[in-house]
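Heads up, the thing below is written out as structure tokens.
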Amino acid sequence: MDIKQIQELIKFVSRSGVNEVAIEQEDFKITIKTNQTPTIVQATVAAPVPAVAAAVAAPQAIAPTENKSSAPVEDTSKYITVKSPMIGTFYRSASPDKPSFVNVGDEISTGKVICIIEAMKLFNEIESEVSGRIVKVLVENASPVEYDQPLFLVEPI
């Protein structure tokens, strides 16, 4: 890992709200920690990445949505929005030949893996913090996502 990659990793940690990132390679180990309050939900490495093993703790932001549009398009106020805990690439399944973790109409429970977000070559499994039924998937597979971007609408059970 060169100095530029380390600097990018530090910037990622400071922007994303991640509290700690640890990366180990054969002859190299780096841990970056922030002074933010600890989080409860963990995102872990989902797919093996050659010579890199890491676990990333990230907040799972969930909040009720508000329909700010004046036109009555769709009432989403009764749904919970599951948001991205980090910047990266959103994947609905572990690999292209595997089925999606969740689809519209699926019931989910707390702790169930609902998607993967790849950030800096690390594949982070994102687990649900709510129980309910998936009403809408708001992001296309393999598309980039921003921190706090809505990913799913969930109807609470």
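FYI, nothing fancy with the structure tokens labels: chains A, B, ... in order, residues from 1 per chain, ligands from 1 as they appear.
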
I'd like the contact shell of Val104 (chain A) - 6 Å cut-off, only C-alpha atoms, skipping same-chain residues fewer than 5 positions apart - returned as a ChimeraX atom specification. /A:134-136

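Among the candidates A:Gln25, A:Ser131, A:Asn141, A:Asn124, the one nearest to Ser100 (chain A) when counting only C-alpha atoms is A:Asn141.
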
Within 8 Å of region 26-35 of chain A, counting only C-alpha atoms, which residues qualify if same-chain residues fewer than 4 places away don't, as an MDAnalysis selection string? chainID A and resid 1 10 13:14 18:22 51

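Between Glu155 (chain A) and the residues A:Lys98, A:Arg92, A:Lys4, A:Arg133, the shortest atom-to-atom distance, using only C-alpha atoms, involves A:Arg133.
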
Would you please work out which residue, of A:Ile6, A:Leu122, A:Cys115, A:Ile80, is nearest to Asn103 (chain A) when using only C-alpha atoms? A:Cys115

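What separates CA of Glu118 (chain A) from CA of Gly132 (chain A) is a distance of 24.8 Å.
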
Using only C-alpha atoms, which protein or nucleic acid residues come within 9 Å of Val145 (chain A)? Drop anything in the same chain fewer than 3 positions from it, and give the result as a PDB file with C-alpha atoms, in the first residue's frame.
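For reference, out-v6.pdb as written:
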```
ATOM      1  CA  SER A  84     -26.090   3.981   2.840  1.00  0.00           C
ATOM      2  CA  MET A  86     -20.702   4.838   3.418  1.00  0.00           C
ATOM      3  CA  ILE A  87     -19.559   5.963  -0.001  1.00  0.00           C
ATOM      4  CA  GLY A  88     -18.991   3.155  -2.497  1.00  0.00           C
ATOM      5  CA  THR A  89     -20.560   0.916  -5.119  1.00  0.00           C
ATOM      6  CA  PHE A  90     -23.926  -0.699  -4.321  1.00  0.00           C
ATOM      7  CA  ILE A 117     -21.230  -1.746  -0.621  1.00  0.00           C
ATOM      8  CA  VAL A 139     -30.651   2.226  -6.279  1.00  0.00           C
ATOM      9  CA  ASP A 148     -26.608   8.727   3.704  1.00  0.00           C
ATOM     10  CA  GLN A 149     -28.165   8.078   0.265  1.00  0.00           C
ATOM     11  CA  PRO A 150     -31.510   6.205   0.480  1.00  0.00           C
ATOM     12  CA  LEU A 151     -31.186   2.575  -0.650  1.00  0.00           C
TER      13      LEU A 151
END
```

Using DSSP on the backbone coordinates, identify the residues of region 4-36 of chain A assigned to strand (DSSP E); present them as an MDAnalysis selection string. chainID A and resid 20:25 28:33

Let me see the file: selected residues, N, CA and C atoms, as an mmCIF file, in the first residue's frame.
```
data_model
loop_
_atom_site.group_PDB
_atom_site.id
_atom_site.type_symbol
_atom_site.label_atom_id
_atom_site.label_comp_id
_atom_site.auth_asym_id
_atom_site.auth_seq_id
_atom_site.Cartn_x
_atom_site.Cartn_y
_atom_site.Cartn_z
ATOM 1 N N GLU A 20 -13.537 2.893 12.621
ATOM 2 C CA GLU A 20 -12.253 2.197 12.570
ATOM 3 C C GLU A 20 -12.160 1.358 11.306
ATOM 4 N N VAL A 21 -10.971 1.365 10.703
ATOM 5 C CA VAL A 21 -10.681 0.520 9.552
ATOM 6 C C VAL A 21 -9.347 -0.149 9.823
ATOM 7 N N ALA A 22 -9.295 -1.458 9.660
ATOM 8 C CA ALA A 22 -8.052 -2.205 9.846
ATOM 9 C C ALA A 22 -7.793 -3.023 8.584
ATOM 10 N N ILE A 23 -6.583 -2.904 8.046
ATOM 11 C CA ILE A 23 -6.198 -3.642 6.848
ATOM 12 C C ILE A 23 -4.897 -4.365 7.147
ATOM 13 N N GLU A 24 -4.859 -5.650 6.817
ATOM 14 C CA GLU A 24 -3.646 -6.447 7.002
ATOM 15 C C GLU A 24 -3.270 -7.103 5.690
ATOM 16 N N GLN A 25 -1.991 -7.007 5.351
ATOM 17 C CA GLN A 25 -1.438 -7.716 4.218
ATOM 18 C C GLN A 25 -0.261 -8.522 4.744
ATOM 19 N N PHE A 28 2.339 -5.920 5.973
ATOM 20 C CA PHE A 28 1.861 -4.576 6.213
ATOM 21 C C PHE A 28 0.562 -4.637 6.999
ATOM 22 N N LYS A 29 0.436 -3.776 7.998
ATOM 23 C CA LYS A 29 -0.803 -3.694 8.780
ATOM 24 C C LYS A 29 -1.044 -2.225 9.111
ATOM 25 N N ILE A 30 -2.290 -1.774 8.895
ATOM 26 C CA ILE A 30 -2.650 -0.391 9.222
ATOM 27 C C ILE A 30 -4.027 -0.389 9.864
ATOM 28 N N THR A 31 -4.170 0.423 10.920
ATOM 29 C CA THR A 31 -5.448 0.617 11.584
ATOM 30 C C THR A 31 -5.664 2.115 11.708
ATOM 31 N N ILE A 32 -6.818 2.580 11.261
ATOM 32 C CA ILE A 32 -7.156 3.994 11.350
ATOM 33 C C ILE A 32 -8.399 4.099 12.219
ATOM 34 N N LYS A 33 -8.310 4.915 13.292
ATOM 35 C CA LYS A 33 -9.428 5.089 14.217
ATOM 36 C C LYS A 33 -9.789 6.566 14.294
#
```
